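Below is one structure, written out as structure tokens, with a few remarks after it.
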Amino acid sequence: MRFAYGTEELTVTWPFSEPEVLSYRTPAVEGADADALLRRALRSPIDSPSLPELAAGRRDAVILVSDVTRLSPTASFLSLLLDALNEGGIPDERIRVVVALGTHRAQTADELLGIAGETAFKRVLVENHSAASEDCIFVGTTALGTPIELNRKVAEADLRIATGNIEPHRLVGLSGGCKALFPGVASAASIERHHGLSQRYRAVPGFADNPLHRDIEEACAMVPIHFLYNVVADHRRRALAAFAGHPGEAHRRGAVFARDQFLISGERKYDVVVASAGGYPKDMQLYQAIKSLENAAAFAKPGGSILLIARCQELYGNGTFLEWAETRIDRERAVRELEERFVLGAHKLRILHRALQKHRVFLYSDIPRPLAELLGFRTVSDLQLWIDEAARRGESMAAMPCASLTFPDLSARDNDRGFQV
């Protein structure tokens with residue numbers, strides 16, 4: 001069996017019997033068919049005028065795109081959007097592409113080129129979002145008390161287009177949709193207040209009917225998205241489906257498709273779960289890879305073992321996470337503090353702590369051993385040896401080749417989605 005590890009693959013064998021494979025469903029559409037799929041979505045918008053029609057008479061346009069940690073195949077469709085805007089009368093020099101970073105790190109020049117694709121990068125300005133409050137403008141406060149500060153250039157654009165990929169999301173239920181606007185191009189202060197709602201409310205992965213997602217929708221009503229272009233993609237950024245048009249309806253259609261691909265039964269639990277995050281970009285940093293650990297934990301028995309395979313060449317991936325992990329010696333006290341006061345970035349430490357309390361968590365990674373152990377992981381240096389030893393114990397075993405996209409279906413258990421914690 002092969003497990004993705006960064007941009008490489010690791011091959012392991014199972015000494016006795018094959019493990020149960022837990023994985024999302026649909027194979028990707030390849031080559032020319034994928035291109036036709038992307039074009040067809042743009043030509044047949046859902047509950048919306050076409051993009052050229054929307055562009056007619058507009059002064060300028062801004063397109064929101066995902067950063068490298070997301071699976072959106074932006075380079076495959078961005079030029080299509082530019083052509084549609086040109087057709088509607090907006091030339092390239094009046095189109096701005098903003099990478100919806102949220103509070104993620106800025107993208108390098110090479111990363112911006114890779115996100116946009118060479119052709120689109122040469123045609124229009126592609127830039128990072130700034131989450132500094134001075135680069136944002138206050139547009140209102142939601143019913144749950146989230147102050148909404150949005151990127152000034154985005155808020156002042158005459159036509160706003162949101163792009164991205166749709167997949168289950170543990171914090172707000174679903175990615176994609178208006179999430180590109182908020183929290184994608186919001187201030188750090190706004191994002192922290194919004195994410196802090198997760199202390200009070202819990203979302204069910206795959207479903208948008210929860211207070212946090214409604215908070216996003218309310219923010220986006222203040223500065224509307226005029227056109228949505230979302231893709232459901234596999235872990236190699238290959239398109240499975242595309243949905244374009246009205247931000248609400250196109251996202252709802254995409255959500256139905258995404259649920260069918262990425263949610264699987266979580267009824268059976270295993271003694272051992274071997275989980276790869278799915279390789280780059282989902283294992284480029286621990287900040288992202290912890291999401292895969294959460295998914296793997298949903299399939300592991302209490303007290304069972306989880307082996308997370310994640311390269312993490314960028315180590316922590318967040319400065320606040322790093323500071324809390326390496327300097328808060330009393331982990332229990334740090335977690336209690338985070339339960340009382342949400343701290344963006346440090347909240348990953350609380351998620352990790354929950355997994356460590358319930359399971360024996362092992363890590364195969366490029367993270368130096370002292371740092372991994374400081375976080376609470378048990379480090380693994382020989383992947384095959386660890387699997388051989390686990391198999392000899394005769395325990396039930398599951399393998400997750402792409403844990404970042406393989407979610408337990410919790411819909412039957414949590415019927416009251418978005419319940420208060």
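Just so we're on the same page: first chain in the structure tokens is A, next is B, and so on; residues restart at 1 for each chain, and ligands are numbered from 1 in the order they show up.
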What are the closest atom pairs, with distances in Å to one decimal, for all residues of region 133-202 of chain A lying within 10 Å of region 399-405 of chain A? Consider only C-alpha atoms, order rows by chain and residue number, and present the result as a tab-separated table.
```
residue	atom	partner	partner_atom	distance
A:Glu167	CA	A:Leu405	CA	7.4
A:Pro168	CA	A:Leu405	CA	7.7
A:His169	CA	A:Leu405	CA	9.5
```
I need the chosen residues saved as a PDB file, in the first residue's frame, with N, CA and C atoms.
```
ATOM      1  N   GLU A 167     -15.535  21.051   0.626  1.00  0.00           N
ATOM      2  CA  GLU A 167     -15.285  19.803   1.346  1.00  0.00           C
ATOM      3  C   GLU A 167     -15.792  19.971   2.774  1.00  0.00           C
ATOM      4  N   PRO A 168     -16.011  18.878   3.493  1.00  0.00           N
ATOM      5  CA  PRO A 168     -16.436  19.013   4.899  1.00  0.00           C
ATOM      6  C   PRO A 168     -15.407  19.797   5.705  1.00  0.00           C
ATOM      7  N   HIS A 169     -15.897  20.492   6.717  1.00  0.00           N
ATOM      8  CA  HIS A 169     -15.035  21.358   7.526  1.00  0.00           C
ATOM      9  C   HIS A 169     -15.507  21.247   8.974  1.00  0.00           C
TER      10      HIS A 169
END
```
At a cut-off of 12 Å, using only C-alpha atoms, what residues contact Arg94 (chain A)? Leave out same-chain residues fewer than 5 positions from it and give the result as a short mmCIF file (atom, residue, chain, number, x, y, z; two decimals) with N, CA and C atoms, in the first residue's frame.
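part-v7.cif was written with the following content:
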```
data_model
loop_
_atom_site.label_atom_id
_atom_site.label_comp_id
_atom_site.auth_asym_id
_atom_site.auth_seq_id
_atom_site.Cartn_x
_atom_site.Cartn_y
_atom_site.Cartn_z
N ALA A 55 -20.87 41.15 -15.54
CA ALA A 55 -19.75 42.09 -15.71
C ALA A 55 -20.14 43.33 -16.51
N ARG A 58 -19.90 47.12 -15.32
CA ARG A 58 -19.17 47.22 -14.04
C ARG A 58 -17.84 47.92 -14.24
N ARG A 59 -17.41 48.64 -13.20
CA ARG A 59 -16.17 49.40 -13.25
C ARG A 59 -14.94 48.48 -13.19
N ASP A 60 -14.97 47.52 -12.25
CA ASP A 60 -13.83 46.63 -12.04
C ASP A 60 -14.32 45.36 -11.37
N ALA A 61 -13.39 44.43 -11.18
CA ALA A 61 -13.75 43.15 -10.56
C ALA A 61 -12.61 42.64 -9.70
N VAL A 62 -12.97 41.88 -8.67
CA VAL A 62 -11.99 41.19 -7.84
C VAL A 62 -12.39 39.72 -7.77
N ILE A 63 -11.39 38.86 -7.88
CA ILE A 63 -11.60 37.41 -7.80
C ILE A 63 -10.87 36.90 -6.58
N LEU A 82 -11.35 35.06 -16.27
CA LEU A 82 -10.84 36.31 -16.86
C LEU A 82 -11.44 36.53 -18.24
N LEU A 85 -15.00 37.75 -17.91
CA LEU A 85 -15.05 39.15 -17.51
C LEU A 85 -14.70 40.07 -18.68
N ASN A 86 -13.71 39.69 -19.46
CA ASN A 86 -13.36 40.45 -20.66
C ASN A 86 -14.55 40.53 -21.61
N GLY A 89 -16.89 43.11 -20.70
CA GLY A 89 -16.44 44.50 -20.80
C GLY A 89 -15.45 44.95 -19.76
N ARG A 123 -1.49 38.06 -16.90
CA ARG A 123 -2.56 38.94 -17.37
C ARG A 123 -3.03 39.93 -16.32
N VAL A 124 -3.10 39.51 -15.04
CA VAL A 124 -3.73 40.35 -14.02
C VAL A 124 -2.85 40.42 -12.77
N LEU A 125 -3.17 41.36 -11.91
CA LEU A 125 -2.49 41.50 -10.62
C LEU A 125 -2.97 40.40 -9.68
N VAL A 126 -2.03 39.65 -9.11
CA VAL A 126 -2.34 38.61 -8.14
C VAL A 126 -1.62 38.97 -6.85
N ALA A 157 -14.62 46.85 -4.48
CA ALA A 157 -14.71 46.41 -5.87
C ALA A 157 -16.16 46.45 -6.35
N ASP A 158 -16.35 46.67 -7.62
CA ASP A 158 -17.70 46.77 -8.19
C ASP A 158 -18.31 45.40 -8.45
N LEU A 159 -17.47 44.40 -8.66
CA LEU A 159 -17.94 43.03 -8.90
C LEU A 159 -17.03 42.08 -8.14
#
```
Original post:
Hey, what's within 12 Å of Ala143 (chain A) if we count only C-alpha atoms and toss same-chain stuff fewer than 2 positions away? As a ChimeraX atom specification, please?
Top reply: /A:140-141,145-148,194,197,211-212,214-219
Please save all heavy atoms of the selected residues as a tab-separated table (two decimals), in the first residue's frame.
```tsv
chain	number	residue	atom	x	y	z
A	140	GLY	N	-19.91	46.06	9.59
A	140	GLY	CA	-21.06	45.74	10.43
A	140	GLY	C	-20.74	44.66	11.45
A	140	GLY	O	-19.61	44.15	11.51
A	141	THR	N	-21.74	44.33	12.25
A	141	THR	CA	-21.61	43.31	13.30
A	141	THR	C	-22.72	42.29	13.14
A	141	THR	O	-23.89	42.66	12.93
A	141	THR	CB	-21.67	43.95	14.70
A	141	THR	OG1	-20.64	44.94	14.81
A	141	THR	CG2	-21.48	42.90	15.79
A	145	GLY	N	-22.45	38.78	17.33
A	145	GLY	CA	-21.49	39.73	17.87
A	145	GLY	C	-20.14	39.75	17.18
A	145	GLY	O	-19.19	40.34	17.72
A	146	THR	N	-20.03	39.16	16.00
A	146	THR	CA	-18.76	39.18	15.28
A	146	THR	C	-18.61	40.50	14.52
A	146	THR	O	-19.41	40.79	13.64
A	146	THR	CB	-18.67	38.02	14.27
A	146	THR	OG1	-18.89	36.79	14.96
A	146	THR	CG2	-17.31	38.00	13.60
A	147	PRO	N	-17.60	41.30	14.85
A	147	PRO	CA	-17.37	42.54	14.08
A	147	PRO	C	-16.73	42.17	12.74
A	147	PRO	O	-15.72	41.48	12.70
A	147	PRO	CB	-16.39	43.32	14.97
A	147	PRO	CG	-15.66	42.26	15.75
A	147	PRO	CD	-16.61	41.12	15.93
A	148	ILE	N	-17.33	42.63	11.66
A	148	ILE	CA	-16.86	42.24	10.33
A	148	ILE	C	-15.99	43.34	9.73
A	148	ILE	O	-16.46	44.43	9.41
A	148	ILE	CB	-18.04	41.93	9.39
A	148	ILE	CG1	-18.97	40.90	10.04
A	148	ILE	CG2	-17.52	41.44	8.05
A	148	ILE	CD1	-18.30	39.57	10.38
A	194	HIS	N	-14.81	35.25	15.17
A	194	HIS	CA	-15.66	34.27	14.50
A	194	HIS	C	-15.28	32.85	14.90
A	194	HIS	O	-16.14	32.04	15.29
A	194	HIS	CB	-15.55	34.45	12.99
A	194	HIS	CG	-16.16	33.32	12.21
A	194	HIS	ND1	-17.52	33.11	12.15
A	194	HIS	CD2	-15.60	32.33	11.46
A	194	HIS	CE1	-17.78	32.05	11.40
A	194	HIS	NE2	-16.63	31.57	10.98
A	197	LEU	N	-16.42	31.37	18.21
A	197	LEU	CA	-17.77	30.83	18.37
A	197	LEU	C	-17.75	29.31	18.51
A	197	LEU	O	-18.71	28.71	19.01
A	197	LEU	CB	-18.65	31.23	17.18
A	197	LEU	CG	-18.94	32.72	17.02
A	197	LEU	CD1	-19.68	32.98	15.72
A	197	LEU	CD2	-19.75	33.25	18.20
A	211	PRO	N	-24.58	27.64	13.63
A	211	PRO	CA	-24.40	29.07	13.90
A	211	PRO	C	-23.14	29.67	13.26
A	211	PRO	O	-23.17	30.83	12.84
A	211	PRO	CB	-24.33	29.13	15.44
A	211	PRO	CG	-25.13	27.95	15.89
A	211	PRO	CD	-24.83	26.87	14.88
A	212	LEU	N	-22.05	28.92	13.19
A	212	LEU	CA	-20.83	29.49	12.61
A	212	LEU	C	-20.99	29.75	11.13
A	212	LEU	O	-20.53	30.78	10.63
A	212	LEU	CB	-19.64	28.57	12.87
A	212	LEU	CG	-19.00	28.76	14.25
A	212	LEU	CD1	-19.63	27.85	15.28
A	212	LEU	CD2	-17.50	28.54	14.19
A	214	ARG	N	-23.84	30.27	9.62
A	214	ARG	CA	-24.79	31.38	9.49
A	214	ARG	C	-24.11	32.71	9.77
A	214	ARG	O	-24.48	33.74	9.19
A	214	ARG	CB	-25.99	31.15	10.42
A	214	ARG	CG	-26.92	30.05	9.94
A	214	ARG	CD	-28.24	30.05	10.69
A	214	ARG	NE	-28.09	29.57	12.05
A	214	ARG	CZ	-28.14	28.29	12.41
A	214	ARG	NH1	-28.33	27.35	11.49
A	214	ARG	NH2	-28.03	27.92	13.67
A	215	ASP	N	-23.12	32.70	10.64
A	215	ASP	CA	-22.34	33.91	10.90
A	215	ASP	C	-21.61	34.35	9.62
A	215	ASP	O	-21.55	35.54	9.30
A	215	ASP	CB	-21.32	33.63	12.02
A	215	ASP	CG	-20.87	34.88	12.75
A	215	ASP	OD1	-21.74	35.66	13.20
A	215	ASP	OD2	-19.64	35.09	12.87
A	216	ILE	N	-21.08	33.38	8.87
A	216	ILE	CA	-20.42	33.67	7.59
A	216	ILE	C	-21.43	34.26	6.61
A	216	ILE	O	-21.15	35.26	5.94
A	216	ILE	CB	-19.80	32.38	7.02
A	216	ILE	CG1	-18.60	31.94	7.85
A	216	ILE	CG2	-19.39	32.59	5.55
A	216	ILE	CD1	-18.02	30.61	7.45
A	217	GLU	N	-22.58	33.62	6.50
A	217	GLU	CA	-23.60	34.09	5.55
A	217	GLU	C	-24.07	35.50	5.89
A	217	GLU	O	-24.30	36.33	4.99
A	217	GLU	CB	-24.77	33.12	5.55
A	217	GLU	CG	-24.40	31.75	4.95
A	217	GLU	CD	-25.48	30.72	5.18
A	217	GLU	OE1	-26.35	30.94	6.06
A	217	GLU	OE2	-25.45	29.68	4.48
A	218	GLU	N	-24.18	35.79	7.18
A	218	GLU	CA	-24.61	37.14	7.59
A	218	GLU	C	-23.54	38.17	7.23
A	218	GLU	O	-23.85	39.27	6.75
A	218	GLU	CB	-24.88	37.15	9.09
A	218	GLU	CG	-25.56	38.42	9.56
A	218	GLU	CD	-25.93	38.37	11.04
A	218	GLU	OE1	-25.92	37.27	11.63
A	218	GLU	OE2	-26.21	39.45	11.59
A	219	ALA	N	-22.27	37.80	7.42
A	219	ALA	CA	-21.18	38.71	7.05
A	219	ALA	C	-21.20	38.98	5.55
A	219	ALA	O	-20.99	40.11	5.10
A	219	ALA	CB	-19.84	38.11	7.47
```
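Taking only C-alpha atoms into account, Tyr24 (chain A) lies nearest to A:Arg259 out of the set A:Arg259, A:Lys282, A:Arg328, A:Arg252.
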Original post:
Tell me, which residues of region 77-121 of chain A carry DSSP helix (DSSP H, G or I), written as number ranges by chain?
Top reply: A: 77-87, 92-94, 109-116, 118-121
Subject >> Secondary structure check, strand (DSSP E or B) residues of region 204-290 of chain A, as a PyMOL selection string >> reply: chain A and resi 227-233+239-245+263-264+270-276
Okay, now the selection with N, CA, C and O atoms, as a PDB file, in the first residue's frame?
```pdb
ATOM      1  N   PHE A 227     -20.892  36.383  -7.699  1.00  0.00           N
ATOM      2  CA  PHE A 227     -20.820  35.163  -8.502  1.00  0.00           C
ATOM      3  C   PHE A 227     -19.892  34.182  -7.802  1.00  0.00           C
ATOM      4  O   PHE A 227     -18.819  34.566  -7.309  1.00  0.00           O
ATOM      5  N   LEU A 228     -20.302  32.920  -7.768  1.00  0.00           N
ATOM      6  CA  LEU A 228     -19.512  31.874  -7.114  1.00  0.00           C
ATOM      7  C   LEU A 228     -19.031  30.863  -8.141  1.00  0.00           C
ATOM      8  O   LEU A 228     -19.773  30.477  -9.051  1.00  0.00           O
ATOM      9  N   TYR A 229     -17.770  30.447  -7.991  1.00  0.00           N
ATOM     10  CA  TYR A 229     -17.248  29.350  -8.809  1.00  0.00           C
ATOM     11  C   TYR A 229     -16.524  28.394  -7.867  1.00  0.00           C
ATOM     12  O   TYR A 229     -15.410  28.685  -7.413  1.00  0.00           O
ATOM     13  N   ASN A 230     -17.164  27.273  -7.557  1.00  0.00           N
ATOM     14  CA  ASN A 230     -16.601  26.293  -6.628  1.00  0.00           C
ATOM     15  C   ASN A 230     -16.382  24.947  -7.306  1.00  0.00           C
ATOM     16  O   ASN A 230     -17.156  24.544  -8.175  1.00  0.00           O
ATOM     17  N   VAL A 231     -15.327  24.280  -6.878  1.00  0.00           N
ATOM     18  CA  VAL A 231     -14.982  22.962  -7.395  1.00  0.00           C
ATOM     19  C   VAL A 231     -14.920  21.979  -6.237  1.00  0.00           C
ATOM     20  O   VAL A 231     -14.523  22.332  -5.127  1.00  0.00           O
ATOM     21  N   VAL A 232     -15.353  20.749  -6.478  1.00  0.00           N
ATOM     22  CA  VAL A 232     -15.085  19.651  -5.559  1.00  0.00           C
ATOM     23  C   VAL A 232     -13.910  18.894  -6.157  1.00  0.00           C
ATOM     24  O   VAL A 232     -13.966  18.460  -7.318  1.00  0.00           O
ATOM     25  N   ALA A 233     -12.829  18.779  -5.388  1.00  0.00           N
ATOM     26  CA  ALA A 233     -11.580  18.225  -5.924  1.00  0.00           C
ATOM     27  C   ALA A 233     -11.067  17.088  -5.051  1.00  0.00           C
ATOM     28  O   ALA A 233     -11.409  16.983  -3.868  1.00  0.00           O
ATOM     29  N   ALA A 239     -10.322  17.856 -10.505  1.00  0.00           N
ATOM     30  CA  ALA A 239     -11.739  18.175 -10.344  1.00  0.00           C
ATOM     31  C   ALA A 239     -12.610  16.931 -10.374  1.00  0.00           C
ATOM     32  O   ALA A 239     -12.447  16.061 -11.238  1.00  0.00           O
ATOM     33  N   LEU A 240     -13.550  16.867  -9.425  1.00  0.00           N
ATOM     34  CA  LEU A 240     -14.607  15.862  -9.436  1.00  0.00           C
ATOM     35  C   LEU A 240     -15.898  16.458  -9.979  1.00  0.00           C
ATOM     36  O   LEU A 240     -16.675  15.783 -10.643  1.00  0.00           O
ATOM     37  N   ALA A 241     -16.133  17.721  -9.668  1.00  0.00           N
ATOM     38  CA  ALA A 241     -17.345  18.433 -10.113  1.00  0.00           C
ATOM     39  C   ALA A 241     -17.111  19.920  -9.930  1.00  0.00           C
ATOM     40  O   ALA A 241     -16.215  20.335  -9.187  1.00  0.00           O
ATOM     41  N   ALA A 242     -17.922  20.738 -10.624  1.00  0.00           N
ATOM     42  CA  ALA A 242     -17.831  22.196 -10.497  1.00  0.00           C
ATOM     43  C   ALA A 242     -19.232  22.778 -10.449  1.00  0.00           C
ATOM     44  O   ALA A 242     -20.160  22.268 -11.093  1.00  0.00           O
ATOM     45  N   PHE A 243     -19.375  23.856  -9.671  1.00  0.00           N
ATOM     46  CA  PHE A 243     -20.668  24.504  -9.468  1.00  0.00           C
ATOM     47  C   PHE A 243     -20.461  26.016  -9.513  1.00  0.00           C
ATOM     48  O   PHE A 243     -19.602  26.551  -8.811  1.00  0.00           O
ATOM     49  N   ALA A 244     -21.240  26.688 -10.332  1.00  0.00           N
ATOM     50  CA  ALA A 244     -21.076  28.130 -10.495  1.00  0.00           C
ATOM     51  C   ALA A 244     -22.430  28.809 -10.493  1.00  0.00           C
ATOM     52  O   ALA A 244     -23.459  28.196 -10.792  1.00  0.00           O
ATOM     53  N   GLY A 245     -22.419  30.117 -10.133  1.00  0.00           N
ATOM     54  CA  GLY A 245     -23.644  30.899 -10.189  1.00  0.00           C
ATOM     55  C   GLY A 245     -23.954  31.604  -8.893  1.00  0.00           C
ATOM     56  O   GLY A 245     -23.069  32.202  -8.253  1.00  0.00           O
ATOM     57  N   LEU A 263     -17.992  11.819   3.084  1.00  0.00           N
ATOM     58  CA  LEU A 263     -18.489  11.277   4.342  1.00  0.00           C
ATOM     59  C   LEU A 263     -18.654   9.770   4.231  1.00  0.00           C
ATOM     60  O   LEU A 263     -19.282   9.276   3.292  1.00  0.00           O
ATOM     61  N   ILE A 264     -18.083   9.032   5.175  1.00  0.00           N
ATOM     62  CA  ILE A 264     -18.232   7.581   5.195  1.00  0.00           C
ATOM     63  C   ILE A 264     -18.686   7.146   6.588  1.00  0.00           C
ATOM     64  O   ILE A 264     -18.552   7.896   7.559  1.00  0.00           O
ATOM     65  N   TYR A 270     -11.553   0.929  15.320  1.00  0.00           N
ATOM     66  CA  TYR A 270     -10.415   0.038  15.135  1.00  0.00           C
ATOM     67  C   TYR A 270      -9.384   0.229  16.246  1.00  0.00           C
ATOM     68  O   TYR A 270      -9.246   1.322  16.810  1.00  0.00           O
ATOM     69  N   ASP A 271      -8.641  -0.853  16.510  1.00  0.00           N
ATOM     70  CA  ASP A 271      -7.562  -0.760  17.506  1.00  0.00           C
ATOM     71  C   ASP A 271      -6.422   0.110  17.006  1.00  0.00           C
ATOM     72  O   ASP A 271      -5.785   0.827  17.788  1.00  0.00           O
ATOM     73  N   VAL A 272      -6.174   0.035  15.704  1.00  0.00           N
ATOM     74  CA  VAL A 272      -5.062   0.775  15.099  1.00  0.00           C
ATOM     75  C   VAL A 272      -5.561   1.459  13.833  1.00  0.00           C
ATOM     76  O   VAL A 272      -6.199   0.822  12.986  1.00  0.00           O
ATOM     77  N   VAL A 273      -5.260   2.754  13.699  1.00  0.00           N
ATOM     78  CA  VAL A 273      -5.577   3.503  12.483  1.00  0.00           C
ATOM     79  C   VAL A 273      -4.287   4.125  11.971  1.00  0.00           C
ATOM     80  O   VAL A 273      -3.636   4.895  12.680  1.00  0.00           O
ATOM     81  N   VAL A 274      -3.904   3.740  10.753  1.00  0.00           N
ATOM     82  CA  VAL A 274      -2.726   4.323  10.099  1.00  0.00           C
ATOM     83  C   VAL A 274      -3.244   5.330   9.079  1.00  0.00           C
ATOM     84  O   VAL A 274      -3.945   4.959   8.135  1.00  0.00           O
ATOM     85  N   ALA A 275      -2.922   6.597   9.280  1.00  0.00           N
ATOM     86  CA  ALA A 275      -3.540   7.662   8.485  1.00  0.00           C
ATOM     87  C   ALA A 275      -2.503   8.594   7.878  1.00  0.00           C
ATOM     88  O   ALA A 275      -1.707   9.203   8.594  1.00  0.00           O
ATOM     89  N   SER A 276      -2.535   8.689   6.552  1.00  0.00           N
ATOM     90  CA  SER A 276      -1.772   9.729   5.863  1.00  0.00           C
ATOM     91  C   SER A 276      -2.680  10.930   5.672  1.00  0.00           C
ATOM     92  O   SER A 276      -3.865  10.778   5.354  1.00  0.00           O
TER      93      SER A 276
END
```
What's the 10 Å shell around Cys312 (chain A), counting only C-alpha atoms, without same-chain residues fewer than 5 positions away, as a PDB file with C-alpha atoms, in the first residue's frame?
```
ATOM      1  CA  TYR A   5       4.065  11.926   2.098  1.00  0.00           C
ATOM      2  CA  GLY A   6       4.616  15.480   0.953  1.00  0.00           C
ATOM      3  CA  GLY A 279       0.429  14.448   1.076  1.00  0.00           C
ATOM      4  CA  TYR A 280       1.049  18.020  -0.045  1.00  0.00           C
ATOM      5  CA  PRO A 281      -0.571  20.461   0.658  1.00  0.00           C
ATOM      6  CA  LYS A 282      -2.484  18.812   3.506  1.00  0.00           C
ATOM      7  CA  ASP A 283       0.663  17.705   5.304  1.00  0.00           C
ATOM      8  CA  MET A 284       2.879  20.711   4.624  1.00  0.00           C
ATOM      9  CA  GLN A 285       2.555  21.855   8.245  1.00  0.00           C
ATOM     10  CA  LEU A 286       1.188  20.501  11.509  1.00  0.00           C
ATOM     11  CA  TYR A 287      -1.411  23.290  11.589  1.00  0.00           C
ATOM     12  CA  GLN A 288      -3.062  21.574   8.603  1.00  0.00           C
ATOM     13  CA  ALA A 289      -2.203  17.948   9.460  1.00  0.00           C
ATOM     14  CA  GLY A 317       2.767  26.438  10.310  1.00  0.00           C
ATOM     15  CA  TYR A 364       5.950   9.719  11.237  1.00  0.00           C
ATOM     16  CA  SER A 365       7.190  13.099  10.058  1.00  0.00           C
ATOM     17  CA  ASP A 366      10.056  15.411   9.186  1.00  0.00           C
ATOM     18  CA  ILE A 367       9.423  17.259  12.446  1.00  0.00           C
TER      19      ILE A 367
END
```
Subject >> Top pick for closest residue to Ser17 (chain A), considering A:Asp35, A:Glu395, A:Asp67, A:Asp382 and counting only C-alpha atoms >> reply: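 Checking each candidate against Ser17 (chain A), we get A:Glu395 as the closest.
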**OP:** Return the single residue from A:Arg200, A:Arg70, A:Lys153, A:His213 that is closest to Ile115 (chain A), with distances computed using only C-alpha atoms.
**Re:**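 With only C-alpha atoms as the atom set, the closest residue is A:Arg70.
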**OP:** Name all residues at most 10 Å from Ala346 (chain A) (count only C-alpha atoms; drop same-chain ones fewer than 2 positions away) and give them as a ChimeraX atom specification.
**Re:** /A:287,318-325,334-335,338,342-344,348-351
**OP:** Excluding Ala56 (chain A) and any residue of its chain fewer than 4 positions from it, enumerate the residues within 8 Å of it, using only C-alpha atoms, and give them as a list in words.
**Re:**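 Selected residues are Pro52, Gly88, Gly89 and Ile90 of chain A.
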Original post:
With only C-alpha atoms as the basis for distance, which of A:Leu51, A:Leu112, A:Ala310, A:Ala203 is at the shortest distance from Leu10 (chain A)?
Top reply: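 Of A:Leu51, A:Leu112, A:Ala310, A:Ala203, the one nearest Leu10 (chain A) is A:Ala310, counting only C-alpha atoms.
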